[in-house]
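entry-v3.pdb (PDB, C-alpha atoms)
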```pdb
ATOM      1  CA  MET A   1     -32.819   4.955 -27.109  1.00  0.00           C
ATOM      2  CA  HIS A   2     -29.997   4.333 -29.572  1.00  0.00           C
ATOM      3  CA  HIS A   3     -28.528   7.752 -28.723  1.00  0.00           C
ATOM      4  CA  ILE A   4     -28.472   6.889 -24.999  1.00  0.00           C
ATOM      5  CA  ALA A   5     -26.704   3.596 -25.721  1.00  0.00           C
ATOM      6  CA  GLN A   6     -24.050   5.391 -27.789  1.00  0.00           C
ATOM      7  CA  TRP A   7     -23.558   7.965 -25.036  1.00  0.00           C
ATOM      8  CA  HIS A   8     -23.235   5.139 -22.498  1.00  0.00           C
ATOM      9  CA  ASP A   9     -20.692   3.322 -24.683  1.00  0.00           C
ATOM     10  CA  ARG A  10     -18.564   6.465 -25.016  1.00  0.00           C
ATOM     11  CA  ILE A  11     -18.526   7.015 -21.262  1.00  0.00           C
ATOM     12  CA  VAL A  12     -17.606   3.385 -20.652  1.00  0.00           C
ATOM     13  CA  ALA A  13     -14.784   3.632 -23.207  1.00  0.00           C
ATOM     14  CA  ILE A  14     -13.400   6.714 -21.465  1.00  0.00           C
ATOM     15  CA  LEU A  15     -13.647   5.115 -18.031  1.00  0.00           C
ATOM     16  CA  ALA A  16     -11.997   1.920 -19.309  1.00  0.00           C
ATOM     17  CA  SER A  17      -9.050   3.782 -20.857  1.00  0.00           C
ATOM     18  CA  ARG A  18      -5.490   3.282 -19.642  1.00  0.00           C
ATOM     19  CA  LEU A  19      -5.366   6.865 -18.390  1.00  0.00           C
ATOM     20  CA  SER A  20      -8.555   6.515 -16.322  1.00  0.00           C
ATOM     21  CA  GLU A  21      -7.307   3.237 -14.903  1.00  0.00           C
ATOM     22  CA  GLY A  22      -3.945   4.886 -14.169  1.00  0.00           C
ATOM     23  CA  VAL A  23      -5.626   7.681 -12.216  1.00  0.00           C
ATOM     24  CA  VAL A  24      -7.672   5.191 -10.189  1.00  0.00           C
ATOM     25  CA  LEU A  25      -4.604   3.039  -9.494  1.00  0.00           C
ATOM     26  CA  LEU A  26      -2.680   6.167  -8.454  1.00  0.00           C
ATOM     27  CA  LEU A  27      -5.474   6.994  -5.987  1.00  0.00           C
ATOM     28  CA  ALA A  28      -5.387   3.421  -4.656  1.00  0.00           C
ATOM     29  CA  ARG A  29      -1.592   3.626  -4.272  1.00  0.00           C
ATOM     30  CA  ILE A  30      -1.835   6.937  -2.405  1.00  0.00           C
ATOM     31  CA  ALA A  31      -4.679   5.711  -0.171  1.00  0.00           C
ATOM     32  CA  LEU A  32      -2.880   2.541   0.883  1.00  0.00           C
ATOM     33  CA  ALA A  33       0.468   4.306   1.225  1.00  0.00           C
ATOM     34  CA  GLY A  34      -1.083   7.031   3.396  1.00  0.00           C
ATOM     35  CA  VAL A  35      -2.373   4.550   5.946  1.00  0.00           C
ATOM     36  CA  PHE A  36       0.987   2.869   6.406  1.00  0.00           C
ATOM     37  CA  TRP A  37       3.098   6.027   6.119  1.00  0.00           C
ATOM     38  CA  ARG A  38       1.172   7.654   8.983  1.00  0.00           C
ATOM     39  CA  SER A  39       1.533   4.478  11.025  1.00  0.00           C
ATOM     40  CA  GLY A  40       5.263   4.367  10.327  1.00  0.00           C
ATOM     41  CA  ARG A  41       5.707   8.016  11.284  1.00  0.00           C
ATOM     42  CA  SER A  42       3.877   7.378  14.574  1.00  0.00           C
ATOM     43  CA  LYS A  43       6.525   4.798  15.443  1.00  0.00           C
ATOM     44  CA  VAL A  44       9.519   7.166  15.349  1.00  0.00           C
ATOM     45  CA  ALA A  45      10.640   9.603  18.015  1.00  0.00           C
ATOM     46  CA  GLU A  46       9.380  13.139  17.490  1.00  0.00           C
ATOM     47  CA  GLY A  47      11.869  15.262  15.602  1.00  0.00           C
ATOM     48  CA  SER A  48      13.832  12.283  14.308  1.00  0.00           C
ATOM     49  CA  VAL A  49      13.893  10.768  10.863  1.00  0.00           C
ATOM     50  CA  PHE A  50      13.994   7.124  11.876  1.00  0.00           C
ATOM     51  CA  GLU A  51      14.722   6.664  15.591  1.00  0.00           C
ATOM     52  CA  ILE A  52      12.183   4.233  17.004  1.00  0.00           C
ATOM     53  CA  SER A  53      10.309   5.775  19.919  1.00  0.00           C
ATOM     54  CA  GLU A  54      10.106   4.315  23.398  1.00  0.00           C
ATOM     55  CA  SER A  55       6.321   4.082  23.089  1.00  0.00           C
ATOM     56  CA  THR A  56       6.752   1.934  19.982  1.00  0.00           C
ATOM     57  CA  ARG A  57       9.157  -0.353  21.813  1.00  0.00           C
ATOM     58  CA  TYR A  58       6.635  -0.610  24.649  1.00  0.00           C
ATOM     59  CA  LEU A  59       3.792  -1.474  22.247  1.00  0.00           C
ATOM     60  CA  PHE A  60       5.785  -4.230  20.569  1.00  0.00           C
ATOM     61  CA  GLU A  61       6.908  -5.649  23.916  1.00  0.00           C
ATOM     62  CA  ASN A  62       3.420  -5.614  25.437  1.00  0.00           C
ATOM     63  CA  ASP A  63       0.359  -4.877  23.269  1.00  0.00           C
ATOM     64  CA  TYR A  64       1.798  -6.507  20.116  1.00  0.00           C
ATOM     65  CA  ALA A  65       3.456  -9.388  21.968  1.00  0.00           C
ATOM     66  CA  GLY A  66       1.423 -11.895  19.938  1.00  0.00           C
ATOM     67  CA  VAL A  67       3.504 -11.175  16.837  1.00  0.00           C
ATOM     68  CA  PRO A  68       5.772 -14.221  16.333  1.00  0.00           C
ATOM     69  CA  LEU A  69       8.961 -12.124  16.286  1.00  0.00           C
ATOM     70  CA  SER A  70      10.814 -10.567  19.168  1.00  0.00           C
ATOM     71  CA  ALA A  71      10.066  -6.884  19.798  1.00  0.00           C
ATOM     72  CA  GLU A  72      13.709  -6.056  19.007  1.00  0.00           C
ATOM     73  CA  ILE A  73      13.199  -7.387  15.464  1.00  0.00           C
ATOM     74  CA  ALA A  74       9.506  -6.633  14.885  1.00  0.00           C
ATOM     75  CA  ALA A  75       9.571  -2.927  15.824  1.00  0.00           C
ATOM     76  CA  PRO A  76      12.372  -1.883  13.437  1.00  0.00           C
ATOM     77  CA  LEU A  77      11.092  -4.210  10.713  1.00  0.00           C
ATOM     78  CA  ALA A  78       7.557  -2.813  10.897  1.00  0.00           C
ATOM     79  CA  THR A  79       8.828   0.757  11.091  1.00  0.00           C
ATOM     80  CA  ALA A  80      11.102   0.296   8.076  1.00  0.00           C
ATOM     81  CA  GLY A  81       8.393  -1.435   6.064  1.00  0.00           C
ATOM     82  CA  GLU A  82       5.849   1.254   6.878  1.00  0.00           C
ATOM     83  CA  HIS A  83       8.255   3.856   5.524  1.00  0.00           C
ATOM     84  CA  LEU A  84       9.798   2.121   2.509  1.00  0.00           C
ATOM     85  CA  PHE A  85       6.793   0.446   0.889  1.00  0.00           C
ATOM     86  CA  PRO A  86       4.488   3.495   1.013  1.00  0.00           C
ATOM     87  CA  LEU A  87       7.199   5.595  -0.655  1.00  0.00           C
ATOM     88  CA  LEU A  88       7.580   3.004  -3.393  1.00  0.00           C
ATOM     89  CA  LEU A  89       3.798   2.842  -3.825  1.00  0.00           C
ATOM     90  CA  VAL A  90       3.389   6.582  -4.222  1.00  0.00           C
ATOM     91  CA  ILE A  91       5.940   6.746  -7.015  1.00  0.00           C
ATOM     92  CA  GLY A  92       4.722   3.465  -8.465  1.00  0.00           C
ATOM     93  CA  LEU A  93       8.032   1.620  -8.265  1.00  0.00           C
ATOM     94  CA  ALA A  94       7.873  -2.106  -7.467  1.00  0.00           C
ATOM     95  CA  THR A  95       4.152  -1.605  -6.980  1.00  0.00           C
ATOM     96  CA  ARG A  96       3.179  -5.261  -6.833  1.00  0.00           C
ATOM     97  CA  LEU A  97       6.016  -6.100  -4.424  1.00  0.00           C
ATOM     98  CA  SER A  98       5.213  -3.094  -2.211  1.00  0.00           C
ATOM     99  CA  ALA A  99       1.487  -3.834  -2.156  1.00  0.00           C
ATOM    100  CA  GLY A 100       2.289  -7.474  -1.364  1.00  0.00           C
ATOM    101  CA  ALA A 101       4.521  -6.443   1.531  1.00  0.00           C
ATOM    102  CA  LEU A 102       1.796  -4.158   2.922  1.00  0.00           C
ATOM    103  CA  LEU A 103      -0.692  -6.998   2.491  1.00  0.00           C
ATOM    104  CA  VAL A 104       1.557  -9.241   4.611  1.00  0.00           C
ATOM    105  CA  ILE A 105       1.862  -6.494   7.241  1.00  0.00           C
ATOM    106  CA  THR A 106      -1.931  -6.141   7.225  1.00  0.00           C
ATOM    107  CA  LEU A 107      -2.420  -9.871   7.705  1.00  0.00           C
ATOM    108  CA  VAL A 108       0.082  -9.926  10.587  1.00  0.00           C
ATOM    109  CA  ILE A 109      -1.805  -7.054  12.215  1.00  0.00           C
ATOM    110  CA  GLN A 110      -5.124  -8.809  11.589  1.00  0.00           C
ATOM    111  CA  ILE A 111      -4.046 -12.197  12.925  1.00  0.00           C
ATOM    112  CA  PHE A 112      -1.772 -11.259  15.820  1.00  0.00           C
ATOM    113  CA  VAL A 113      -2.656  -7.722  16.929  1.00  0.00           C
ATOM    114  CA  TYR A 114      -6.199  -6.567  16.085  1.00  0.00           C
ATOM    115  CA  PRO A 115      -8.288  -9.566  14.995  1.00  0.00           C
ATOM    116  CA  GLU A 116     -11.503  -7.635  15.649  1.00  0.00           C
ATOM    117  CA  ALA A 117     -10.679  -5.020  12.989  1.00  0.00           C
ATOM    118  CA  TRP A 118     -11.327  -7.111   9.858  1.00  0.00           C
ATOM    119  CA  TRP A 119     -14.675  -5.644   8.783  1.00  0.00           C
ATOM    120  CA  THR A 120     -14.000  -2.128  10.019  1.00  0.00           C
ATOM    121  CA  THR A 121     -10.538  -1.560   8.556  1.00  0.00           C
ATOM    122  CA  HIS A 122      -8.379  -4.411   7.355  1.00  0.00           C
ATOM    123  CA  ILE A 123     -10.648  -5.633   4.591  1.00  0.00           C
ATOM    124  CA  LEU A 124     -10.263  -2.233   2.907  1.00  0.00           C
ATOM    125  CA  TRP A 125      -6.462  -2.401   3.113  1.00  0.00           C
ATOM    126  CA  VAL A 126      -6.526  -5.955   1.751  1.00  0.00           C
ATOM    127  CA  ALA A 127      -8.790  -4.894  -1.117  1.00  0.00           C
ATOM    128  CA  LEU A 128      -6.528  -1.966  -2.067  1.00  0.00           C
ATOM    129  CA  ALA A 129      -3.419  -4.142  -1.883  1.00  0.00           C
ATOM    130  CA  ALA A 130      -5.088  -6.902  -3.921  1.00  0.00           C
ATOM    131  CA  VAL A 131      -6.085  -4.490  -6.689  1.00  0.00           C
ATOM    132  CA  LEU A 132      -2.525  -3.162  -6.867  1.00  0.00           C
ATOM    133  CA  ILE A 133      -1.037  -6.657  -6.884  1.00  0.00           C
ATOM    134  CA  VAL A 134      -3.347  -7.739  -9.706  1.00  0.00           C
ATOM    135  CA  ARG A 135      -3.290  -4.552 -11.826  1.00  0.00           C
ATOM    136  CA  GLY A 136       0.095  -3.057 -10.948  1.00  0.00           C
ATOM    137  CA  GLY A 137       0.828   0.640 -10.692  1.00  0.00           C
ATOM    138  CA  GLY A 138      -0.879   1.692 -13.921  1.00  0.00           C
ATOM    139  CA  VAL A 139       0.258   4.061 -16.613  1.00  0.00           C
ATOM    140  CA  LEU A 140       1.093   6.819 -14.079  1.00  0.00           C
ATOM    141  CA  SER A 141       3.893   4.884 -12.389  1.00  0.00           C
ATOM    142  CA  PHE A 142       7.620   4.353 -12.576  1.00  0.00           C
ATOM    143  CA  ASP A 143       6.876   0.677 -13.189  1.00  0.00           C
ATOM    144  CA  THR A 144       5.418   1.647 -16.565  1.00  0.00           C
ATOM    145  CA  LEU A 145       8.411   3.857 -17.360  1.00  0.00           C
ATOM    146  CA  THR A 146      10.877   1.129 -16.489  1.00  0.00           C
ATOM    147  CA  GLY A 147       8.843  -1.271 -18.621  1.00  0.00           C
ATOM    148  CA  TYR A 148       9.207   1.088 -21.594  1.00  0.00           C
ATOM    149  CA  TRP A 149      12.945   1.447 -20.930  1.00  0.00           C
ATOM    150  CA  ARG A 150      13.408  -2.333 -20.723  1.00  0.00           C
ATOM    151  CA  ALA A 151      11.410  -2.865 -23.923  1.00  0.00           C
ATOM    152  CA  SER A 152      13.417  -0.268 -25.819  1.00  0.00           C
ATOM    153  CA  ALA A 153      16.713  -1.760 -24.589  1.00  0.00           C
ATOM    154  CA  LEU A 154      15.884  -5.125 -26.152  1.00  0.00           C
TER     155      LEU A 154
END
```
Represent the structure contained in this file as structure tokens.
Amino acid sequence: MHHIAQWHDRIVAILASRLSEGVVLLLARIALAGVFWRSGRSKVAEGSVFEISESTRYLFENDYAGVPLSAEIAAPLATAGEHLFPLLLVIGLATRLSAGALLVITLVIQIFVYPEAWWTTHILWVALAAVLIVRGGGVLSFDTLTGYWRASAL
């Protein structure tokens, strides 16, 4: 029995290491970024880098009309946010800020666009964003590198 407890303790120590946590946080960053990146890409005209499509304009004028911003402001803002913050998340730069921004976008979607999607989708996005806000990007992020650079500059 003592041997099993030692084996268990070793596994727990490995799983609780900074590297293991960094890998898990990287996966969380990629998962959350992927959702919003794909959504952002669906908002631009085919073949363009950042031209907002007519279908996106239509959605924001009609289906997403409950959002408390005009469609002229909300469509470009959402499209920009769904491109910028996922990129930052993937590289782990400004992780907490980026996850917080995607959390706000999620809550806007939940409250004003798809209130029925809480248990099927949005709770997962909120959970991923919350973990990243609380834990940061982890050891496999530019946030960690910039932290080392700042510490060495002092």
Quiz item: the PyMOL selection byres ((chain A and resi 119-123) around 12) on the file shown: which residues, as a PyMOL selection string?
Solution: chain A and resi 32+35-36+102-111+113-118+124-130
Could you write out the selected residues, including C-alpha atoms, as an mmCIF file, in the frame of the given file?
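Okay, this is what ended up in selection_23.cif:
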```
data_model
loop_
_atom_site.group_PDB
_atom_site.id
_atom_site.type_symbol
_atom_site.label_atom_id
_atom_site.label_comp_id
_atom_site.auth_asym_id
_atom_site.auth_seq_id
_atom_site.Cartn_x
_atom_site.Cartn_y
_atom_site.Cartn_z
ATOM 1 C CA LEU A 32 -2.880 2.541 0.883
ATOM 2 C CA VAL A 35 -2.373 4.550 5.946
ATOM 3 C CA PHE A 36 0.987 2.869 6.406
ATOM 4 C CA LEU A 102 1.796 -4.158 2.922
ATOM 5 C CA LEU A 103 -0.692 -6.998 2.491
ATOM 6 C CA VAL A 104 1.557 -9.241 4.611
ATOM 7 C CA ILE A 105 1.862 -6.494 7.241
ATOM 8 C CA THR A 106 -1.931 -6.141 7.225
ATOM 9 C CA LEU A 107 -2.420 -9.871 7.705
ATOM 10 C CA VAL A 108 0.082 -9.926 10.587
ATOM 11 C CA ILE A 109 -1.805 -7.054 12.215
ATOM 12 C CA GLN A 110 -5.124 -8.809 11.589
ATOM 13 C CA ILE A 111 -4.046 -12.197 12.925
ATOM 14 C CA VAL A 113 -2.656 -7.722 16.929
ATOM 15 C CA TYR A 114 -6.199 -6.567 16.085
ATOM 16 C CA PRO A 115 -8.288 -9.566 14.995
ATOM 17 C CA GLU A 116 -11.503 -7.635 15.649
ATOM 18 C CA ALA A 117 -10.679 -5.020 12.989
ATOM 19 C CA TRP A 118 -11.327 -7.111 9.858
ATOM 20 C CA LEU A 124 -10.263 -2.233 2.907
ATOM 21 C CA TRP A 125 -6.462 -2.401 3.113
ATOM 22 C CA VAL A 126 -6.526 -5.955 1.751
ATOM 23 C CA ALA A 127 -8.790 -4.894 -1.117
ATOM 24 C CA LEU A 128 -6.528 -1.966 -2.067
ATOM 25 C CA ALA A 129 -3.419 -4.142 -1.883
ATOM 26 C CA ALA A 130 -5.088 -6.902 -3.921
#
```
Can you list what the PyMOL selection byres ((chain A and resi 42) around 12) grabs from this structure, as a PDB file with C-alpha atoms, in the frame of the given file?
```
ATOM      1  CA  VAL A  35      -2.373   4.550   5.946  1.00  0.00           C
ATOM      2  CA  PHE A  36       0.987   2.869   6.406  1.00  0.00           C
ATOM      3  CA  TRP A  37       3.098   6.027   6.119  1.00  0.00           C
ATOM      4  CA  ARG A  38       1.172   7.654   8.983  1.00  0.00           C
ATOM      5  CA  SER A  39       1.533   4.478  11.025  1.00  0.00           C
ATOM      6  CA  GLY A  40       5.263   4.367  10.327  1.00  0.00           C
ATOM      7  CA  ARG A  41       5.707   8.016  11.284  1.00  0.00           C
ATOM      8  CA  LYS A  43       6.525   4.798  15.443  1.00  0.00           C
ATOM      9  CA  VAL A  44       9.519   7.166  15.349  1.00  0.00           C
ATOM     10  CA  ALA A  45      10.640   9.603  18.015  1.00  0.00           C
ATOM     11  CA  GLU A  46       9.380  13.139  17.490  1.00  0.00           C
ATOM     12  CA  GLY A  47      11.869  15.262  15.602  1.00  0.00           C
ATOM     13  CA  SER A  48      13.832  12.283  14.308  1.00  0.00           C
ATOM     14  CA  VAL A  49      13.893  10.768  10.863  1.00  0.00           C
ATOM     15  CA  PHE A  50      13.994   7.124  11.876  1.00  0.00           C
ATOM     16  CA  GLU A  51      14.722   6.664  15.591  1.00  0.00           C
ATOM     17  CA  ILE A  52      12.183   4.233  17.004  1.00  0.00           C
ATOM     18  CA  SER A  53      10.309   5.775  19.919  1.00  0.00           C
ATOM     19  CA  GLU A  54      10.106   4.315  23.398  1.00  0.00           C
ATOM     20  CA  SER A  55       6.321   4.082  23.089  1.00  0.00           C
ATOM     21  CA  THR A  56       6.752   1.934  19.982  1.00  0.00           C
ATOM     22  CA  ARG A  57       9.157  -0.353  21.813  1.00  0.00           C
ATOM     23  CA  LEU A  59       3.792  -1.474  22.247  1.00  0.00           C
ATOM     24  CA  ALA A  75       9.571  -2.927  15.824  1.00  0.00           C
ATOM     25  CA  ALA A  78       7.557  -2.813  10.897  1.00  0.00           C
ATOM     26  CA  THR A  79       8.828   0.757  11.091  1.00  0.00           C
ATOM     27  CA  GLU A  82       5.849   1.254   6.878  1.00  0.00           C
ATOM     28  CA  HIS A  83       8.255   3.856   5.524  1.00  0.00           C
TER      29      HIS A  83
END
```
Exercise. Check the smallest atom-to-atom distance from each of A:Thr144, A:Phe112, A:Gly100, A:Gly137 to Tyr64 of chain A using only C-alpha atoms, then report the winner.
Key: A:Phe112
Practice problem: Given the file shown, enumerate the residues that the PyMOL selection byres ((chain A and resi 9-24) around 8) captures and present them as a count of residues only. | Solution: 12
Practice problem: Have a look at A:Ile73, A:Leu145, A:Ala65, A:Ile133 and name the one nearest to Leu89 of chain A; count all atoms listed in the file. | Solution: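 Among the listed residues, the smallest separation from Leu89 of chain A belongs to A:Ile133.
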Quiz item: So, counting all atoms listed in the file, which residue among A:Ala74, A:Ala33, A:Gly136, A:Leu69 is closest to Leu87 of chain A?
Solution: A:Ala33
Exercise. Rank nothing, just name the residue among A:Asp143, A:Tyr58, A:Ile30, A:Val131 nearest to Thr95 of chain A, using all atoms listed in the file.
Key: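 Checking each candidate against Thr95 of chain A, we get A:Asp143 as the closest.
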